[in-house]
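Q: Below you will find the structure I want to go over with you.
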Amino acid sequence: MRLKFENFTLRAVGFLLAAFLVFPVLALFVASAPRELLLGLQHPLVWPALRLSLLTTTTTTLVVVFLGTPLAWSLAQSKRKGIQFIETLLQLPLVIPPSVAGIAMLLAFGNRGLLSALLHPAGNSLAFTTTAVIMAQVFVSAPLFIQSASSAFRRIDAKLVVVAQTFGALPWSVFFRVALPLALPGLAAGAAVSWSRALGEFGATLMFAGNLEGKTQTLPLAIYTAFTSDIRAAQAISIILVLVAFALLLLMRVFMKKAERKFDGMP
Amino acid sequence: MKRNPSVLVGCLYKITLCAALLIGSNCTCQKSTPSAQQDKLVVFAAASLREAFNAMGEQFRSTHPNVELTFHFSGTQELRTQIEHGASADIFASADLRQMDKLAQQGHVLPPVIFTQNKLAVVVAKESAPHIQKLSDLPSASRIAVGVPEVPIGQYTLQLLGRMGAEFQTRIEAKVVSREFNAKQILAKVRLGEAQAGFVYRTDALSAPELAVVEIPDKLNPVVKYPMAVIRNTSHSQLAQAWVDFVLSEAGQSILEDAGFMPLETKHPIGH
């Protein structure tokens, strides 16, 4: 009896948070007639923004995975003392507000930024370019991937690496033939969350890359632009964003389940 | 004796839960006391009013020491949407007549009054100032920041460019690198040197002495009228009216003029 009651209470308390998280997303879908939403989809901001968002977030994810995997591997392998400090430093972009990230990017890469003489001596800074959008996205999303990837590498049985090394495997083949396949599900999960974070990036993009249709106006910026005149259109674009993000996360989950099963089945 | 740490965590969890419930029930009690509400005034104001209203706020607080005066500055469009969705504001000061008209038609606000005027100016980053000295030099800039057409500063800029002729307008539009959500953001982009020039309000230009200003001839420059209204369902209507009166008073008007706003000839209600 008591067992049942306690279980029920735990679930009821948990349900509160679940309801709080799901309800606003539901409201997004329910709060207007389908006809209005279809009209919203025809808003001229929608398609260029969707195209730009897919282009930039794909590029961002490729950059993050390509550069982040070796970094995560080095972090996971390192036994040095300062490693905790370095990892904390690399996680910082996750917790600083987007506006701070925007200012930091401007101060580093902007027209009068620290690297201005190096990056753009002619004075035409990266700001207001699609490259700036990608840079802002990499800045805020890479830490998620690094976190997930390095913990995936750490979970690998150290003995396997030692065995490979005893058989004369060089660092590259240990990395590519042992570590990488074993950590793959973790890497994929990291790539998925990092991708969805890039898709939602708003603040740093607005401050560093500006807001121009087809060039720097990603879906979140298009939503904000539409919000200033027509909340229905903003809602319609929001729904697209939610659907794209949801599909992405679901796809990754399914993929990971499959990958895990494959590894579980291995001798 | 060994203790299981999870027991401790569980205890803490229960305590937190109880405390949260207690605080929750407390809060609802406090909210219902009416005396706390009477002395609060929330003013929603267009971003371009920030300096002037902050200065006015200081004077208002000295004459109304028991009042908790809060400002919320943002783009006019954004504020309007928030008011439509029931944001708890007492006053709305808009940089755009149309936004106010829409709120008035929907019955969200009491009849508005025009309380000040502004006009546009072009700010130029100091590196580009030698090349851009008059309006006709502007197409030689390579990076111009404007407002999105949906917000007042964007609309007024379109109006101005329309008056300068279609050819000039296309040449400027080709150089636009970003459409920002309010005048302050445009100003920030020029101050940082990211944009070479930007269309802002005259008052913004005056607030940034390090920037060069290109004057716009009066016959081309749109007159920007600022309407203000009391929100209809406010529970502090007397206090709200006191704020409106203060803004329209000589003291209020002189603060606005100090910030670069243009004086009103007469205090005219909207209706003309």
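By convention in this document, the chains of the structure tokens carry letters A, B, ... by their order, each chain's residues are numbered from 1, and ligands are numbered from 1 in the order they are shown.
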Output as a JSON list (two decimals) with N, CA and C atoms, in the first residue's frame the set of chain A residues within 6 Å of chain B, with distances taken over only C-alpha atoms.

A:
```json
[["chain", "number", "residue", "atom", "x", "y", "z"],
["A", 111, "ASN", "N", 35.34, 44.01, -36.63],
["A", 111, "ASN", "CA", 36.14, 44.98, -37.37],
["A", 111, "ASN", "C", 37.22, 45.63, -36.52],
["A", 128, "PHE", "N", 28.29, 40.09, -40.46],
["A", 128, "PHE", "CA", 27.28, 40.20, -41.52],
["A", 128, "PHE", "C", 27.50, 39.22, -42.66],
["A", 210, "GLY", "N", 24.32, 39.71, -37.63],
["A", 210, "GLY", "CA", 23.26, 40.58, -38.10],
["A", 210, "GLY", "C", 22.06, 39.79, -38.62],
["A", 211, "ASN", "N", 21.21, 40.46, -39.35],
["A", 211, "ASN", "CA", 19.95, 39.87, -39.76],
["A", 211, "ASN", "C", 19.63, 40.30, -41.18],
["A", 212, "LEU", "N", 20.03, 39.49, -42.16],
["A", 212, "LEU", "CA", 19.73, 39.82, -43.56],
["A", 212, "LEU", "C", 19.23, 38.57, -44.25],
["A", 228, "THR", "N", 7.73, 40.62, -34.93],
["A", 228, "THR", "CA", 7.53, 42.07, -34.82],
["A", 228, "THR", "C", 6.33, 42.54, -35.62],
["A", 229, "SER", "N", 5.83, 41.70, -36.55],
["A", 229, "SER", "CA", 4.68, 42.20, -37.31],
["A", 229, "SER", "C", 3.50, 41.25, -37.28]]
```

Q: Tell me which protein, DNA and RNA residues are within 9 Å of stretch 210-223 of chain B, counting only C-alpha atoms, leaving out same-chain ones fewer than 3 positions away, and put them as a PyMOL selection string.

A: chain B and resi 117-126+128-129+132-135+156-157+159-161+163-164+190-191+202+205-206

Q: Could you name the residues that touch A:Ala259 at 10 Å or less, counting only C-alpha atoms, but leaving out those on the same chain fewer than 5 positions away, as a list in words?

A: Pro181, Leu182, Leu184, Pro185, Gly186, Ala188, Arg253, Val254, Asp264 and Gly265 of chain A

Q: Enumerate as a ChimeraX atom specification all residues of stretch 29-164 of chain B assigned to helix (DSSP H, G or I) by DSSP on the backbone, naming them with the chain letters and numbers the document uses.

A: /B:29-31,34-36,47-63,76-84,97-105,135-140,152-163

Q: Which residues are close to B:Ala242, i.e. within 12 Å by only C-alpha atoms, leaving aside same-chain residues fewer than 3 positions away? Reply as a ChimeraX atom specification.

A: /B:41,60-61,63-64,67,90-91,229-230,236-239,245-249,252

Q: Restrict the selected residues to N, CA and C atoms and save them as a PDB file, in the first residue's frame.

A:
```pdb
ATOM      1  N   LEU B  41       4.283  51.424 -10.763  1.00  0.00           N
ATOM      2  CA  LEU B  41       3.959  51.938 -12.074  1.00  0.00           C
ATOM      3  C   LEU B  41       4.929  51.322 -13.074  1.00  0.00           C
ATOM      4  N   PHE B  60      10.622  62.050 -11.282  1.00  0.00           N
ATOM      5  CA  PHE B  60       9.303  61.563 -10.874  1.00  0.00           C
ATOM      6  C   PHE B  60       9.390  60.845  -9.529  1.00  0.00           C
ATOM      7  N   ARG B  61      10.475  60.076  -9.363  1.00  0.00           N
ATOM      8  CA  ARG B  61      10.636  59.348  -8.108  1.00  0.00           C
ATOM      9  C   ARG B  61      10.836  60.300  -6.940  1.00  0.00           C
ATOM     10  N   THR B  63       9.481  63.220  -6.602  1.00  0.00           N
ATOM     11  CA  THR B  63       8.198  63.800  -6.209  1.00  0.00           C
ATOM     12  C   THR B  63       7.196  62.726  -5.761  1.00  0.00           C
ATOM     13  N   HIS B  64       7.437  61.474  -6.128  1.00  0.00           N
ATOM     14  CA  HIS B  64       6.566  60.365  -5.716  1.00  0.00           C
ATOM     15  C   HIS B  64       7.414  59.308  -5.031  1.00  0.00           C
ATOM     16  N   VAL B  67       6.490  55.487  -4.837  1.00  0.00           N
ATOM     17  CA  VAL B  67       6.133  54.766  -6.054  1.00  0.00           C
ATOM     18  C   VAL B  67       7.312  53.937  -6.544  1.00  0.00           C
ATOM     19  N   ASP B  90       1.310  49.741 -17.316  1.00  0.00           N
ATOM     20  CA  ASP B  90       0.350  50.792 -16.994  1.00  0.00           C
ATOM     21  C   ASP B  90       0.351  51.883 -18.056  1.00  0.00           C
ATOM     22  N   ILE B  91       1.513  52.052 -18.696  1.00  0.00           N
ATOM     23  CA  ILE B  91       1.683  53.114 -19.689  1.00  0.00           C
ATOM     24  C   ILE B  91       2.366  52.520 -20.906  1.00  0.00           C
ATOM     25  N   ALA B 229      -0.100  56.393 -24.106  1.00  0.00           N
ATOM     26  CA  ALA B 229      -1.451  56.130 -23.602  1.00  0.00           C
ATOM     27  C   ALA B 229      -1.395  55.311 -22.331  1.00  0.00           C
ATOM     28  N   VAL B 230      -2.467  55.456 -21.542  1.00  0.00           N
ATOM     29  CA  VAL B 230      -2.632  54.642 -20.338  1.00  0.00           C
ATOM     30  C   VAL B 230      -3.288  53.331 -20.753  1.00  0.00           C
ATOM     31  N   HIS B 236      -3.683  51.239 -11.682  1.00  0.00           N
ATOM     32  CA  HIS B 236      -3.061  52.445 -11.102  1.00  0.00           C
ATOM     33  C   HIS B 236      -3.331  53.633 -12.002  1.00  0.00           C
ATOM     34  N   SER B 237      -4.580  53.861 -12.360  1.00  0.00           N
ATOM     35  CA  SER B 237      -4.846  54.855 -13.397  1.00  0.00           C
ATOM     36  C   SER B 237      -4.473  56.277 -12.960  1.00  0.00           C
ATOM     37  N   GLN B 238      -4.652  56.571 -11.664  1.00  0.00           N
ATOM     38  CA  GLN B 238      -4.305  57.926 -11.212  1.00  0.00           C
ATOM     39  C   GLN B 238      -2.816  58.194 -11.357  1.00  0.00           C
ATOM     40  N   LEU B 239      -2.054  57.227 -10.896  1.00  0.00           N
ATOM     41  CA  LEU B 239      -0.605  57.347 -10.958  1.00  0.00           C
ATOM     42  C   LEU B 239      -0.154  57.417 -12.416  1.00  0.00           C
ATOM     43  N   ASP B 245       0.972  63.427 -17.239  1.00  0.00           N
ATOM     44  CA  ASP B 245       0.999  64.873 -17.000  1.00  0.00           C
ATOM     45  C   ASP B 245       2.427  65.371 -16.829  1.00  0.00           C
ATOM     46  N   PHE B 246       3.236  64.567 -16.110  1.00  0.00           N
ATOM     47  CA  PHE B 246       4.618  64.976 -15.882  1.00  0.00           C
ATOM     48  C   PHE B 246       5.392  65.045 -17.194  1.00  0.00           C
ATOM     49  N   VAL B 247       5.177  64.057 -18.073  1.00  0.00           N
ATOM     50  CA  VAL B 247       5.881  64.057 -19.365  1.00  0.00           C
ATOM     51  C   VAL B 247       5.488  65.277 -20.190  1.00  0.00           C
ATOM     52  N   LEU B 248       4.189  65.656 -20.103  1.00  0.00           N
ATOM     53  CA  LEU B 248       3.718  66.801 -20.891  1.00  0.00           C
ATOM     54  C   LEU B 248       4.065  68.138 -20.228  1.00  0.00           C
ATOM     55  N   SER B 249       4.455  68.101 -18.959  1.00  0.00           N
ATOM     56  CA  SER B 249       4.764  69.354 -18.249  1.00  0.00           C
ATOM     57  C   SER B 249       6.033  69.977 -18.806  1.00  0.00           C
ATOM     58  N   GLY B 252       9.148  67.959 -17.938  1.00  0.00           N
ATOM     59  CA  GLY B 252       9.270  66.757 -18.759  1.00  0.00           C
ATOM     60  C   GLY B 252       9.708  67.091 -20.170  1.00  0.00           C
TER      61      GLY B 252
END
```

Q: Rounded to one decimal, what separation in Å do you get between atom CA of A:Ala27 and atom CA of A:Val244?

A: 17.3 Å

Q: Give the answer as one residue: which of B:Ser74, B:Gln105, B:Thr116, B:Gln59 has the shortest atom-to-atom distance to B:Lys225, using only C-alpha atoms?

A: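 Among the listed residues, B:Thr116 lies closest to B:Lys225.
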
Q: Neighbours of A:Leu180 within 10 Å (only C-alpha atoms; same-chain residues fewer than 3 positions away dropped), as a PDB file with C-alpha atoms, in the first residue's frame?

A:
```
ATOM      1  CA  THR A  69      36.535  14.356 -32.312  1.00  0.00           C
ATOM      2  CA  PRO A  70      40.358  14.561 -32.150  1.00  0.00           C
ATOM      3  CA  TRP A  73      40.046  11.983 -27.855  1.00  0.00           C
ATOM      4  CA  ALA A 149      32.407  12.672 -27.263  1.00  0.00           C
ATOM      5  CA  ALA A 152      32.188   8.322 -24.829  1.00  0.00           C
ATOM      6  CA  PHE A 153      35.951   7.908 -25.324  1.00  0.00           C
ATOM      7  CA  ILE A 156      36.006   2.652 -23.664  1.00  0.00           C
ATOM      8  CA  SER A 173      45.138   3.135 -35.959  1.00  0.00           C
ATOM      9  CA  VAL A 174      44.267   2.883 -32.248  1.00  0.00           C
ATOM     10  CA  PHE A 175      42.129   5.962 -32.781  1.00  0.00           C
ATOM     11  CA  PHE A 176      40.513   4.993 -36.087  1.00  0.00           C
ATOM     12  CA  ARG A 177      40.166   1.217 -35.656  1.00  0.00           C
ATOM     13  CA  ALA A 183      32.628   5.533 -29.233  1.00  0.00           C
ATOM     14  CA  LEU A 184      30.421   5.978 -32.284  1.00  0.00           C
ATOM     15  CA  PRO A 185      27.028   6.021 -30.491  1.00  0.00           C
ATOM     16  CA  GLY A 186      28.306   8.671 -28.072  1.00  0.00           C
ATOM     17  CA  LEU A 187      29.720  10.727 -30.920  1.00  0.00           C
TER      18      LEU A 187
END
```

Q: Can you list, as a VMD selection string, every protein, DNA or RNA residue that comes within 12 Å of A:Ala234 when you count only C-alpha atoms, leaving out same-chain residues fewer than 2 positions away?

A: (chain A and resid 28 32 36 to 37 39 to 46 219 to 232 236 to 241) or (chain B and resid 81)

Q: Kindly give the distance, in Å, that separates atom CA of A:Ser74 and atom CA of A:Trp195, rounded to a single decimal.

A: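 So the answer is 22.1 Å.
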
Q: Find the distance between atom CA of A:Phe85 and atom CA of A:Ala108 and write it in Å to one decimal.

A: 21.9 Å

Q: Tell me, as a list in words, which residues lie within 10 Å of A:Leu94, counting only C-alpha atoms; anything in the same chain fewer than 2 positions away does not count.

A: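 Neighbouring residues, sequence-local ones excluded: Leu90, Gln91, Leu92, Ile96, Pro97, Pro98, Ala101, Phe139, Val140, Ser141, Ala142, Pro143, Leu144 and Arg197 of chain A.
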